[in-house]
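Structure data follow from input18.json (JSON, C-alpha atoms):
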```json
[["chain", "number", "residue", "atom", "x", "y", "z"],
["S", 1, "MET", "CA", -16.58, 2.72, -8.06],
["S", 2, "SER", "CA", -14.65, 5.67, -9.36],
["S", 3, "GLN", "CA", -12.66, 5.64, -12.59],
["S", 4, "SER", "CA", -8.90, 5.42, -13.02],
["S", 5, "LEU", "CA", -7.12, 8.35, -14.61],
["S", 6, "ALA", "CA", -5.88, 5.81, -17.16],
["S", 7, "PRO", "CA", -8.87, 4.17, -18.92],
["S", 8, "GLU", "CA", -6.74, 1.09, -19.74],
["S", 9, "CYS", "CA", -6.43, 0.39, -15.98],
["S", 10, "ASN", "CA", -10.15, 0.69, -15.21],
["S", 11, "GLU", "CA", -10.91, -3.02, -15.28],
["S", 12, "LEU", "CA", -7.98, -3.95, -13.03],
["S", 13, "LYS", "CA", -8.82, -1.09, -10.67],
["S", 14, "GLU", "CA", -12.47, -2.13, -10.40],
["S", 15, "ARG", "CA", -11.48, -5.71, -9.57],
["S", 16, "TYR", "CA", -9.04, -4.58, -6.90],
["S", 17, "ASP", "CA", -11.38, -1.93, -5.38],
["S", 18, "THR", "CA", -14.17, -4.48, -4.99],
["S", 19, "CYS", "CA", -11.80, -6.95, -3.31],
["S", 20, "PHE", "CA", -10.36, -4.27, -1.02],
["S", 21, "LEU", "CA", -13.74, -2.99, 0.14],
["S", 22, "LYS", "CA", -14.87, -6.51, 1.04],
["S", 23, "TRP", "CA", -11.63, -7.16, 2.92],
["S", 24, "TYR", "CA", -11.80, -3.77, 4.68],
["S", 25, "SER", "CA", -15.39, -4.11, 5.90],
["S", 26, "GLU", "CA", -15.49, -7.82, 6.63],
["S", 27, "LYS", "CA", -11.98, -8.51, 7.88],
["S", 28, "TYR", "CA", -9.83, -5.47, 8.60],
["S", 29, "LEU", "CA", -12.40, -3.55, 10.67],
["S", 30, "ARG", "CA", -13.25, -6.70, 12.57],
["S", 31, "GLY", "CA", -9.61, -7.40, 13.35],
["S", 32, "ILE", "CA", -9.70, -10.72, 11.47],
["S", 33, "SER", "CA", -7.08, -9.92, 8.85],
["S", 34, "THR", "CA", -4.63, -7.20, 9.67],
["S", 35, "SER", "CA", -1.90, -7.78, 7.11],
["S", 36, "ASP", "CA", -1.50, -6.07, 3.75],
["S", 37, "ASN", "CA", -0.50, -9.42, 2.25],
["S", 38, "ASN", "CA", -4.09, -10.55, 1.86],
["S", 39, "GLU", "CA", -6.40, -11.97, -0.81],
["S", 40, "CYS", "CA", -6.32, -8.67, -2.75],
["S", 41, "ALA", "CA", -2.51, -8.44, -2.98],
["S", 42, "THR", "CA", -2.19, -9.99, -6.47],
["S", 43, "MET", "CA", -5.00, -7.84, -7.83],
["S", 44, "PHE", "CA", -3.33, -4.75, -6.43],
["S", 45, "LYS", "CA", -0.02, -5.68, -8.04],
["S", 46, "GLU", "CA", -1.66, -6.04, -11.46],
["S", 47, "TYR", "CA", -3.50, -2.72, -11.16],
["S", 48, "ASN", "CA", -0.36, -1.04, -9.84],
["S", 49, "VAL", "CA", 1.78, -2.14, -12.81],
["S", 50, "CYS", "CA", -0.78, -0.62, -15.16],
["S", 51, "LEU", "CA", -1.12, 2.57, -13.10],
["S", 52, "LYS", "CA", 2.65, 3.10, -12.68],
["S", 53, "ARG", "CA", 3.08, 2.97, -16.45],
["S", 54, "ALA", "CA", 0.31, 5.53, -16.92],
["S", 55, "LEU", "CA", 1.74, 7.87, -14.27],
["S", 56, "LYS", "CA", 5.17, 7.73, -15.88],
["S", 57, "GLU", "CA", 3.77, 8.49, -19.34],
["S", 58, "ARG", "CA", 2.02, 11.55, -17.94],
["S", 59, "GLY", "CA", 5.00, 12.70, -15.87],
["S", 60, "ILE", "CA", 2.96, 12.49, -12.67],
["S", 61, "ASP", "CA", 5.39, 10.06, -11.00],
["S", 62, "LYS", "CA", 7.89, 12.88, -10.39],
["S", 63, "LEU", "CA", 5.23, 15.17, -8.88],
["S", 64, "LEU", "CA", 4.25, 12.35, -6.56],
["S", 65, "ASP", "CA", 7.80, 11.86, -5.35],
["S", 66, "GLU", "CA", 7.96, 15.56, -4.42],
["S", 67, "ALA", "CA", 4.64, 15.42, -2.61],
["S", 68, "ARG", "CA", 5.77, 12.35, -0.69],
["S", 69, "GLU", "CA", 8.77, 14.33, 0.59],
["S", 70, "ASP", "CA", 6.38, 17.03, 1.89],
["S", 71, "PHE", "CA", 4.30, 14.39, 3.62],
["S", 72, "LYS", "CA", 7.09, 12.70, 5.56],
["S", 73, "GLU", "CA", 6.21, 14.70, 8.65],
["S", 74, "ASN", "CA", 2.65, 13.36, 8.60],
["S", 75, "ASP", "CA", 3.98, 9.82, 8.70],
["S", 76, "ALA", "CA", 6.04, 10.73, 11.73],
["S", 77, "THR", "CA", 3.02, 12.14, 13.59],
["S", 78, "LEU", "CA", 0.34, 9.77, 12.40],
["S", 79, "LEU", "CA", 2.26, 6.51, 12.32],
["S", 80, "GLY", "CA", 5.25, 7.21, 14.55],
["S", 81, "LYS", "CA", 3.76, 8.87, 17.59],
["S", 82, "LYS", "CA", 1.32, 6.08, 18.17],
["S", 83, "LYS", "CA", 4.12, 3.55, 18.26],
["S", 84, "CYS", "CA", 5.37, 5.11, 21.50],
["S", 85, "LYS", "CA", 2.08, 4.61, 23.32],
["T", 1, "MET", "CA", -2.48, 32.19, 4.00],
["T", 2, "LYS", "CA", -6.17, 31.59, 4.64],
["T", 3, "VAL", "CA", -7.76, 28.85, 6.70],
["T", 4, "PHE", "CA", -11.05, 27.11, 6.15],
["T", 5, "SER", "CA", -12.52, 24.74, 8.72],
["T", 6, "ASN", "CA", -15.75, 22.87, 9.03],
["T", 7, "THR", "CA", -17.30, 20.13, 11.17],
["T", 8, "GLU", "CA", -20.26, 17.89, 10.42],
["T", 9, "THR", "CA", -22.03, 14.98, 12.07],
["T", 10, "PHE", "CA", -23.11, 11.89, 10.16],
["T", 11, "ASN", "CA", -25.81, 9.69, 11.69],
["T", 12, "TYR", "CA", -23.95, 6.49, 10.83],
["T", 13, "SER", "CA", -21.50, 4.38, 12.81],
["T", 14, "TRP", "CA", -17.77, 4.99, 12.38],
["T", 15, "GLU", "CA", -17.44, 1.57, 10.71],
["T", 16, "GLU", "CA", -20.05, 2.50, 8.10],
["T", 17, "VAL", "CA", -18.56, 5.94, 7.49],
["T", 18, "SER", "CA", -14.99, 4.69, 7.22],
["T", 19, "THR", "CA", -16.08, 1.99, 4.74],
["T", 20, "ALA", "CA", -18.23, 4.31, 2.61],
["T", 21, "ASN", "CA", -15.40, 6.84, 2.64],
["T", 22, "TRP", "CA", -13.53, 4.61, 0.17],
["T", 23, "ARG", "CA", -16.25, 5.11, -2.36],
["T", 24, "LYS", "CA", -17.12, 8.69, -1.61],
["T", 25, "TYR", "CA", -16.42, 9.59, -5.23],
["T", 26, "CYS", "CA", -18.40, 6.84, -6.90],
["T", 27, "PRO", "CA", -21.37, 7.37, -9.25],
["T", 28, "TRP", "CA", -23.73, 7.24, -6.23],
["T", 29, "ASN", "CA", -22.38, 10.66, -5.35],
["T", 30, "ASP", "CA", -23.85, 12.95, -7.99],
["T", 31, "LYS", "CA", -22.61, 16.00, -6.08],
["T", 32, "SER", "CA", -18.91, 15.40, -6.72],
["T", 33, "THR", "CA", -18.85, 15.42, -10.50],
["T", 34, "HIS", "CA", -15.66, 17.50, -10.28],
["T", 35, "VAL", "CA", -13.77, 14.32, -9.29],
["T", 36, "LEU", "CA", -12.76, 12.57, -12.52],
["T", 37, "ALA", "CA", -10.65, 9.72, -11.15],
["T", 38, "VAL", "CA", -9.37, 8.18, -7.92],
["T", 39, "ASP", "CA", -6.34, 5.90, -8.05],
["T", 40, "THR", "CA", -4.68, 3.96, -5.25],
["T", 41, "ILE", "CA", -0.91, 4.25, -5.46],
["T", 42, "SER", "CA", 0.12, 2.29, -2.40],
["T", 43, "ARG", "CA", -1.47, 0.59, 0.57],
["T", 44, "THR", "CA", 0.21, -0.95, 3.61],
["T", 45, "VAL", "CA", -0.71, -2.10, 7.09],
["T", 46, "ASP", "CA", 1.76, -1.13, 9.80],
["T", 47, "PRO", "CA", 2.53, -4.42, 11.59],
["T", 48, "GLU", "CA", 3.05, -2.72, 14.96],
["T", 49, "THR", "CA", 0.08, -0.37, 15.15],
["T", 50, "GLY", "CA", -2.31, -2.03, 12.66],
["T", 51, "ILE", "CA", -2.72, 1.36, 10.98],
["T", 52, "LEU", "CA", -3.78, 1.12, 7.33],
["T", 53, "ARG", "CA", -1.84, 3.68, 5.30],
["T", 54, "THR", "CA", -3.08, 4.49, 1.80],
["T", 55, "GLU", "CA", -1.75, 6.83, -0.88],
["T", 56, "ARG", "CA", -4.24, 7.98, -3.48],
["T", 57, "LEU", "CA", -4.14, 10.25, -6.47],
["T", 58, "ILE", "CA", -7.33, 12.21, -7.06],
["T", 59, "THR", "CA", -7.90, 13.85, -10.43],
["T", 60, "CYS", "CA", -10.35, 16.77, -10.37],
["T", 61, "LYS", "CA", -11.76, 19.23, -12.78],
["T", 62, "GLN", "CA", -12.43, 22.57, -11.16],
["T", 63, "SER", "CA", -13.92, 25.42, -13.03],
["T", 64, "MET", "CA", -12.05, 28.59, -12.23],
["T", 65, "PRO", "CA", -13.21, 32.18, -12.13],
["T", 66, "ASP", "CA", -12.06, 34.09, -15.23],
["T", 67, "PHE", "CA", -9.54, 36.26, -13.41],
["T", 68, "LEU", "CA", -7.76, 33.15, -12.08],
["T", 69, "LYS", "CA", -7.74, 31.58, -15.54],
["T", 70, "LYS", "CA", -6.02, 34.69, -16.83],
["T", 71, "ILE", "CA", -3.34, 34.47, -14.16],
["T", 72, "MET", "CA", -2.81, 30.73, -14.17],
["T", 73, "GLY", "CA", -3.84, 29.67, -17.65],
["T", 74, "SER", "CA", -6.80, 27.54, -18.62],
["T", 75, "GLY", "CA", -4.79, 24.33, -18.11],
["T", 76, "MET", "CA", -5.44, 24.90, -14.42],
["T", 77, "GLU", "CA", -8.82, 23.24, -14.77],
["T", 78, "GLU", "CA", -7.58, 19.65, -14.47],
["T", 79, "GLN", "CA", -5.75, 19.18, -11.22],
["T", 80, "GLN", "CA", -4.26, 16.35, -9.27],
["T", 81, "VAL", "CA", -4.34, 15.96, -5.52],
["T", 82, "PHE", "CA", -2.15, 13.59, -3.53],
["T", 83, "GLU", "CA", -3.81, 12.13, -0.47],
["T", 84, "THR", "CA", -2.36, 10.02, 2.32],
["T", 85, "SER", "CA", -4.80, 8.45, 4.73],
["T", 86, "TYR", "CA", -4.38, 6.60, 7.99],
["T", 87, "VAL", "CA", -7.03, 4.31, 9.44],
["T", 88, "ASP", "CA", -6.34, 3.54, 13.07],
["T", 89, "PRO", "CA", -8.56, 0.59, 14.02],
["T", 90, "ARG", "CA", -7.65, 0.81, 17.73],
["T", 91, "GLN", "CA", -8.30, 4.54, 18.20],
["T", 92, "ARG", "CA", -11.08, 4.29, 15.58],
["T", 93, "THR", "CA", -10.03, 7.29, 13.53],
["T", 94, "VAL", "CA", -9.55, 7.98, 9.85],
["T", 95, "THR", "CA", -7.17, 10.84, 9.10],
["T", 96, "MET", "CA", -6.72, 12.03, 5.53],
["T", 97, "VAL", "CA", -4.11, 14.60, 4.54],
["T", 98, "SER", "CA", -4.08, 15.96, 1.00],
["T", 99, "GLU", "CA", -2.24, 18.48, -1.07],
["T", 100, "ASN", "CA", -2.41, 19.68, -4.68],
["T", 101, "ILE", "CA", 0.49, 18.48, -6.82],
["T", 102, "THR", "CA", -0.53, 20.38, -9.93],
["T", 103, "TRP", "CA", 0.49, 24.06, -9.96],
["T", 104, "ASN", "CA", 1.91, 23.75, -6.49],
["T", 105, "ASN", "CA", 4.54, 26.36, -7.29],
["T", 106, "LEU", "CA", 1.70, 28.90, -7.52],
["T", 107, "LEU", "CA", -0.74, 27.70, -4.98],
["T", 108, "ASN", "CA", -0.63, 25.36, -2.02],
["T", 109, "VAL", "CA", -3.82, 23.81, -0.67],
["T", 110, "GLN", "CA", -3.39, 21.44, 2.26],
["T", 111, "GLU", "CA", -6.41, 19.73, 3.66],
["T", 112, "THR", "CA", -6.85, 17.49, 6.69],
["T", 113, "VAL", "CA", -9.99, 15.49, 7.31],
["T", 114, "VAL", "CA", -10.62, 13.37, 10.40],
["T", 115, "TYR", "CA", -13.51, 10.98, 11.01],
["T", 116, "ARG", "CA", -14.01, 9.88, 14.61],
["T", 117, "PRO", "CA", -16.91, 8.20, 16.40],
["T", 118, "LEU", "CA", -19.17, 10.31, 18.62],
["T", 119, "ASN", "CA", -21.08, 7.23, 19.77],
["T", 120, "ASP", "CA", -22.17, 3.89, 18.24],
["T", 121, "HIS", "CA", -24.47, 5.60, 15.74],
["T", 122, "GLN", "CA", -22.81, 8.93, 14.98],
["T", 123, "THR", "CA", -19.54, 9.99, 13.43],
["T", 124, "ALA", "CA", -17.89, 13.40, 13.44],
["T", 125, "PHE", "CA", -16.25, 14.83, 10.35],
["T", 126, "GLU", "CA", -13.61, 17.52, 10.93],
["T", 127, "GLN", "CA", -12.13, 19.36, 7.98],
["T", 128, "ALA", "CA", -9.41, 22.01, 7.93],
["T", 129, "ALA", "CA", -7.74, 23.53, 4.88],
["T", 130, "LYS", "CA", -4.80, 25.90, 4.59],
["T", 131, "ILE", "CA", -4.70, 27.88, 1.37],
["T", 132, "THR", "CA", -1.58, 29.79, 0.39],
["T", 133, "ALA", "CA", -1.05, 31.65, -2.87],
["T", 134, "LEU", "CA", 2.67, 31.56, -3.54],
["T", 135, "CYS", "CA", 3.04, 33.52, -6.73],
["T", 136, "GLY", "CA", 5.30, 36.49, -6.25],
["T", 137, "GLY", "CA", 3.41, 39.65, -6.95],
["T", 138, "TRP", "CA", 0.85, 41.86, -5.45],
["T", 139, "GLN", "CA", -0.53, 40.93, -2.09],
["T", 140, "LYS", "CA", -3.92, 42.07, -3.41],
["T", 141, "ILE", "CA", -3.91, 39.39, -6.10],
["T", 142, "LYS", "CA", -2.73, 36.73, -3.67],
["T", 143, "ASN", "CA", -5.48, 37.69, -1.24],
["T", 144, "SER", "CA", -8.18, 37.49, -3.87],
["T", 145, "ILE", "CA", -6.93, 34.08, -5.05],
["T", 146, "GLU", "CA", -7.02, 32.80, -1.47],
["T", 147, "ASP", "CA", -10.46, 34.30, -0.84],
["T", 148, "THR", "CA", -11.84, 32.71, -4.00],
["T", 149, "LEU", "CA", -10.61, 29.30, -2.89],
["T", 150, "VAL", "CA", -11.96, 29.66, 0.63],
["T", 151, "LYS", "CA", -15.33, 30.49, -0.95],
["T", 152, "ARG", "CA", -15.01, 27.43, -3.18],
["T", 153, "PHE", "CA", -14.25, 25.25, -0.13],
["T", 154, "ARG", "CA", -17.34, 26.58, 1.63],
["T", 155, "GLU", "CA", -19.56, 25.82, -1.39],
["T", 156, "ASN", "CA", -18.06, 22.36, -1.84],
["T", 157, "ALA", "CA", -18.42, 21.52, 1.86],
["T", 158, "ALA", "CA", -22.23, 21.68, 1.69],
["T", 159, "LYS", "CA", -22.28, 19.72, -1.57],
["T", 160, "GLY", "CA", -19.75, 17.25, -0.15],
["T", 161, "LYS", "CA", -21.93, 16.47, 2.86],
["T", 162, "GLU", "CA", -25.02, 15.98, 0.68],
["T", 163, "GLY", "CA", -23.12, 13.72, -1.73],
["T", 164, "PHE", "CA", -21.58, 11.61, 1.01],
["T", 165, "GLU", "CA", -24.97, 11.22, 2.72],
["T", 166, "ALA", "CA", -26.23, 9.66, -0.54],
["T", 167, "VAL", "CA", -23.26, 7.27, -0.62],
["T", 168, "LEU", "CA", -23.82, 6.31, 3.04],
["T", 169, "ALA", "CA", -27.51, 5.58, 2.48],
["T", 170, "MET", "CA", -26.73, 3.52, -0.61],
["T", 171, "SER", "CA", -23.92, 1.61, 1.17],
["T", 172, "ARG", "CA", -26.21, 0.70, 4.04],
["T", 173, "ARG", "CA", -28.79, -0.64, 1.59],
["T", 174, "VAL", "CA", -26.27, -2.63, -0.44],
["T", 175, "PHE", "CA", -24.69, -4.14, 2.68],
["T", 176, "ALA", "CA", -28.11, -5.09, 4.02],
["T", 177, "GLU", "CA", -29.00, -6.73, 0.70],
["T", 178, "GLU", "CA", -25.68, -8.56, 0.65],
["T", 179, "ARG", "CA", -26.25, -9.88, 4.18],
["T", 180, "GLU", "CA", -29.76, -10.94, 3.22],
["T", 181, "ARG", "CA", -28.43, -12.77, 0.16],
["T", 182, "GLU", "CA", -25.78, -14.56, 2.21],
["T", 183, "LYS", "CA", -28.42, -15.58, 4.76],
["T", 184, "MET", "CA", -30.65, -16.96, 1.99],
["T", 185, "MET", "CA", -27.76, -18.91, 0.52],
["T", 186, "LEU", "CA", -26.96, -20.36, 3.93],
["T", 187, "ILE", "CA", -30.59, -21.39, 4.45],
["T", 188, "GLN", "CA", -30.67, -22.97, 0.98],
["T", 189, "ALA", "CA", -27.44, -24.85, 1.66],
["T", 190, "GLN", "CA", -28.79, -26.09, 4.97],
["T", 191, "ALA", "CA", -32.01, -27.22, 3.27],
["T", 192, "VAL", "CA", -29.97, -29.19, 0.74],
["T", 193, "ASN", "CA", -27.97, -30.80, 3.56],
["T", 194, "ILE", "CA", -31.12, -31.77, 5.41],
["T", 195, "ARG", "CA", -32.64, -33.26, 2.25],
["T", 196, "MET", "CA", -29.44, -35.18, 1.55],
["T", 197, "ALA", "CA", -29.32, -36.49, 5.09],
["T", 198, "ALA", "CA", -32.95, -37.57, 4.99]]
```

I need this file expressed as structure tokens, please.
Amino acid sequence: MSQSLAPECNELKERYDTCFLKWYSEKYLRGISTSDNNECATMFKEYNVCLKRALKERGIDKLLDEAREDFKENDATLLGKKKCK
Amino acid sequence: MKVFSNTETFNYSWEEVSTANWRKYCPWNDKSTHVLAVDTISRTVDPETGILRTERLITCKQSMPDFLKKIMGSGMEEQQVFETSYVDPRQRTVTMVSENITWNNLLNVQETVVYRPLNDHQTAFEQAAKITALCGGWQKIKNSIEDTLVKRFRENAAKGKEGFEAVLAMSRRVFAEEREREKMMLIQAQAVNIRMAA
């Protein structure tokens, strides 16, 4: 698996990535588990706490918020349009 | 603004490609050493459509031609890209949209990648990038910045395909081994049950 930009989060990231990949290939793609509240949720939360702290320290959190604004349109086309079908 | 686009075919099923895509930048891919880190910021499943939406932050190190370093400073070398991806399990598509968040007041690079099945054994990869140099100044400079990046995209596209092919081959092997291991464990468990019953 790839590294985290914050070395202190690497272990938590690795644990979550492994869990996610298993869930994605064995359950999500097969339509068995289609909720984001799955067996990896706790691991994601732990990794996310670590990552959020690192992003804030580096000032990246603000850049992300701006980028998210730019991307709102994509959500409308890629999530929204399909809802109408 | 300049546009770069590219299409490729991978001789793997969409399921395999969409799974391996999550570890495109792992150590198995020795062609993408410019990617330093990949972090998942958020991940949700839309309850209505079943679409898996993921936000990732990709940290890259790109070596820059000298003239760009002079314009933008050498700090330009480490960059961050924000990527939002959508996996639609019903339509069987993966769409990834990404944009640079570092130096985006000077340069805007927006990339869209779509993976869709061609048949049960082949998957199409469609890539399009829009490159816009925003810095006020001479059109000549802006043009040469854009041209340099289009060239970089073209070079990386070939390397990207080669690197991802390696990840796909490795994924197939690991999954096959995993299945084999699970089968062996099942057989062993059954053998124990039979012995206990006897």

Of the residues T:Lys24, T:Ser32, T:Lys183, T:Cys135, which is the one nearest to Ala158 (chain T), using all atoms listed in the file?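 Once distances to Ala158 (chain T) are computed over all atoms listed in the file, the minimum belongs to T:Ser32.
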
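The gap separating CA of Glu83 (chain T) from CA of Gly160 (chain T) is 16.7 Å, in Å to one decimal.
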
Mind checking which residues fall within 6 Å of Ser85 (chain T), counting only C-alpha atoms, ignoring those fewer than 2 positions away in the same chain, and posting them as a VMD selection string? chain T and resid 53 to 54 95 to 96

Keeping C-alpha atoms, export the residues of the selection given above as a CSV table (one decimal), keeping the file's coordinate frame.
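Printed below is again27.csv as written:
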```csv
chain,number,residue,atom,x,y,z
T,53,ARG,CA,-1.8,3.7,5.3
T,54,THR,CA,-3.1,4.5,1.8
T,95,THR,CA,-7.2,10.8,9.1
T,96,MET,CA,-6.7,12.0,5.5
```

Just to confirm, what's the straight-line distance from CA of Thr148 (chain T) to CA of Gly59 (chain S) in Å (one decimal)?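 If I compute the distance from CA of Thr148 (chain T) to CA of Gly59 (chain S), I get 28.7 Å.
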
I need the chain T residues near chain S as a list in words; criterion: at most 6 Å, counting all atoms listed in the file.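 Listing them in order of chain and number gives Tyr25, Cys26, Ala37, Val38, Asp39, Thr44 and Val45 of chain T.
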
Nearest to Thr19 (chain T) by atom-to-atom distance, counting all atoms listed in the file, from T:Leu168, T:Ile145, T:Val192, T:Leu134: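 Closest to Thr19 (chain T), using all atoms listed in the file: T:Leu168.
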
Quick one: everything within 7 Å of Phe82 (chain T), counting only C-alpha atoms, minus sequence neighbours fewer than 3 positions away in the same chain. Send it as a PDB file with C-alpha atoms, keeping the file's coordinate frame.
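This went into out34.pdb:
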```pdb
ATOM      1  CA  ARG T  56      -4.240   7.980  -3.480  1.00  0.00           C
ATOM      2  CA  LEU T  57      -4.140  10.250  -6.470  1.00  0.00           C
ATOM      3  CA  ILE T  58      -7.330  12.210  -7.060  1.00  0.00           C
ATOM      4  CA  SER T  98      -4.080  15.960   1.000  1.00  0.00           C
ATOM      5  CA  GLU T  99      -2.240  18.480  -1.070  1.00  0.00           C
ATOM      6  CA  ASN T 100      -2.410  19.680  -4.680  1.00  0.00           C
ATOM      7  CA  ILE T 101       0.490  18.480  -6.820  1.00  0.00           C
TER       8      ILE T 101
END
```

May I ask you to restore all heavy atoms in region 151-159 of chain T and write the result as a PDB file, in the coordinates of the input?
```pdb
ATOM      1  N   LYS T 151     -13.919  30.470  -0.559  1.00  0.00           N
ATOM      2  CA  LYS T 151     -15.330  30.490  -0.950  1.00  0.00           C
ATOM      3  C   LYS T 151     -15.710  29.153  -1.615  1.00  0.00           C
ATOM      4  O   LYS T 151     -16.741  28.567  -1.334  1.00  0.00           O
ATOM      5  CB  LYS T 151     -15.574  31.652  -1.916  1.00  0.00           C
ATOM      6  CG  LYS T 151     -17.004  32.150  -1.887  1.00  0.00           C
ATOM      7  CD  LYS T 151     -17.183  33.353  -2.805  1.00  0.00           C
ATOM      8  CE  LYS T 151     -18.353  33.107  -3.723  1.00  0.00           C
ATOM      9  NZ  LYS T 151     -18.170  33.676  -5.054  1.00  0.00           N
ATOM     10  N   ARG T 152     -14.790  28.695  -2.494  1.00  0.00           N
ATOM     11  CA  ARG T 152     -15.010  27.430  -3.180  1.00  0.00           C
ATOM     12  C   ARG T 152     -15.112  26.269  -2.182  1.00  0.00           C
ATOM     13  O   ARG T 152     -15.952  25.396  -2.285  1.00  0.00           O
ATOM     14  CB  ARG T 152     -13.860  27.205  -4.172  1.00  0.00           C
ATOM     15  CG  ARG T 152     -13.847  25.895  -4.912  1.00  0.00           C
ATOM     16  CD  ARG T 152     -15.026  25.670  -5.818  1.00  0.00           C
ATOM     17  NE  ARG T 152     -15.383  26.799  -6.669  1.00  0.00           N
ATOM     18  CZ  ARG T 152     -14.770  27.114  -7.814  1.00  0.00           C
ATOM     19  NH1 ARG T 152     -13.790  26.374  -8.260  1.00  0.00           N
ATOM     20  NH2 ARG T 152     -15.150  28.131  -8.523  1.00  0.00           N
ATOM     21  N   PHE T 153     -14.231  26.294  -1.164  1.00  0.00           N
ATOM     22  CA  PHE T 153     -14.250  25.250  -0.130  1.00  0.00           C
ATOM     23  C   PHE T 153     -15.587  25.247   0.590  1.00  0.00           C
ATOM     24  O   PHE T 153     -16.157  24.196   0.864  1.00  0.00           O
ATOM     25  CB  PHE T 153     -13.122  25.477   0.883  1.00  0.00           C
ATOM     26  CG  PHE T 153     -11.963  24.551   0.673  1.00  0.00           C
ATOM     27  CD1 PHE T 153     -10.866  24.933  -0.068  1.00  0.00           C
ATOM     28  CD2 PHE T 153     -11.978  23.274   1.219  1.00  0.00           C
ATOM     29  CE1 PHE T 153      -9.799  24.067  -0.275  1.00  0.00           C
ATOM     30  CE2 PHE T 153     -10.916  22.402   1.025  1.00  0.00           C
ATOM     31  CZ  PHE T 153      -9.823  22.805   0.268  1.00  0.00           C
ATOM     32  N   ARG T 154     -16.089  26.463   0.897  1.00  0.00           N
ATOM     33  CA  ARG T 154     -17.340  26.580   1.630  1.00  0.00           C
ATOM     34  C   ARG T 154     -18.494  26.002   0.786  1.00  0.00           C
ATOM     35  O   ARG T 154     -19.329  25.264   1.277  1.00  0.00           O
ATOM     36  CB  ARG T 154     -17.597  28.045   1.973  1.00  0.00           C
ATOM     37  CG  ARG T 154     -18.552  28.209   3.138  1.00  0.00           C
ATOM     38  CD  ARG T 154     -18.573  29.643   3.655  1.00  0.00           C
ATOM     39  NE  ARG T 154     -17.296  30.052   4.227  1.00  0.00           N
ATOM     40  CZ  ARG T 154     -16.669  31.206   3.960  1.00  0.00           C
ATOM     41  NH1 ARG T 154     -17.195  32.053   3.103  1.00  0.00           N
ATOM     42  NH2 ARG T 154     -15.539  31.495   4.557  1.00  0.00           N
ATOM     43  N   GLU T 155     -18.509  26.334  -0.505  1.00  0.00           N
ATOM     44  CA  GLU T 155     -19.560  25.820  -1.390  1.00  0.00           C
ATOM     45  C   GLU T 155     -19.487  24.299  -1.505  1.00  0.00           C
ATOM     46  O   GLU T 155     -20.483  23.596  -1.446  1.00  0.00           O
ATOM     47  CB  GLU T 155     -19.417  26.417  -2.800  1.00  0.00           C
ATOM     48  CG  GLU T 155     -19.763  27.882  -2.882  1.00  0.00           C
ATOM     49  CD  GLU T 155     -19.231  28.545  -4.163  1.00  0.00           C
ATOM     50  OE1 GLU T 155     -18.630  27.831  -5.008  1.00  0.00           O
ATOM     51  OE2 GLU T 155     -19.394  29.748  -4.288  1.00  0.00           O
ATOM     52  N   ASN T 156     -18.238  23.806  -1.674  1.00  0.00           N
ATOM     53  CA  ASN T 156     -18.060  22.360  -1.840  1.00  0.00           C
ATOM     54  C   ASN T 156     -18.372  21.586  -0.571  1.00  0.00           C
ATOM     55  O   ASN T 156     -18.748  20.421  -0.634  1.00  0.00           O
ATOM     56  CB  ASN T 156     -16.630  22.043  -2.287  1.00  0.00           C
ATOM     57  CG  ASN T 156     -16.440  22.305  -3.769  1.00  0.00           C
ATOM     58  OD1 ASN T 156     -17.401  22.504  -4.504  1.00  0.00           O
ATOM     59  ND2 ASN T 156     -15.195  22.308  -4.207  1.00  0.00           N
ATOM     60  N   ALA T 157     -18.180  22.219   0.593  1.00  0.00           N
ATOM     61  CA  ALA T 157     -18.420  21.520   1.860  1.00  0.00           C
ATOM     62  C   ALA T 157     -19.878  21.096   1.960  1.00  0.00           C
ATOM     63  O   ALA T 157     -20.178  19.959   2.319  1.00  0.00           O
ATOM     64  CB  ALA T 157     -18.031  22.413   3.035  1.00  0.00           C
ATOM     65  N   ALA T 158     -20.802  22.001   1.620  1.00  0.00           N
ATOM     66  CA  ALA T 158     -22.230  21.680   1.690  1.00  0.00           C
ATOM     67  C   ALA T 158     -22.562  20.583   0.683  1.00  0.00           C
ATOM     68  O   ALA T 158     -23.242  19.608   1.011  1.00  0.00           O
ATOM     69  CB  ALA T 158     -23.046  22.930   1.400  1.00  0.00           C
ATOM     70  N   LYS T 159     -22.033  20.729  -0.538  1.00  0.00           N
ATOM     71  CA  LYS T 159     -22.280  19.720  -1.570  1.00  0.00           C
ATOM     72  C   LYS T 159     -21.661  18.385  -1.178  1.00  0.00           C
ATOM     73  O   LYS T 159     -22.221  17.325  -1.406  1.00  0.00           O
ATOM     74  CB  LYS T 159     -21.659  20.180  -2.903  1.00  0.00           C
ATOM     75  CG  LYS T 159     -22.613  21.001  -3.740  1.00  0.00           C
ATOM     76  CD  LYS T 159     -22.097  21.110  -5.161  1.00  0.00           C
ATOM     77  CE  LYS T 159     -21.397  22.430  -5.369  1.00  0.00           C
ATOM     78  NZ  LYS T 159     -20.750  22.555  -6.667  1.00  0.00           N
TER      79      LYS T 159
END
```
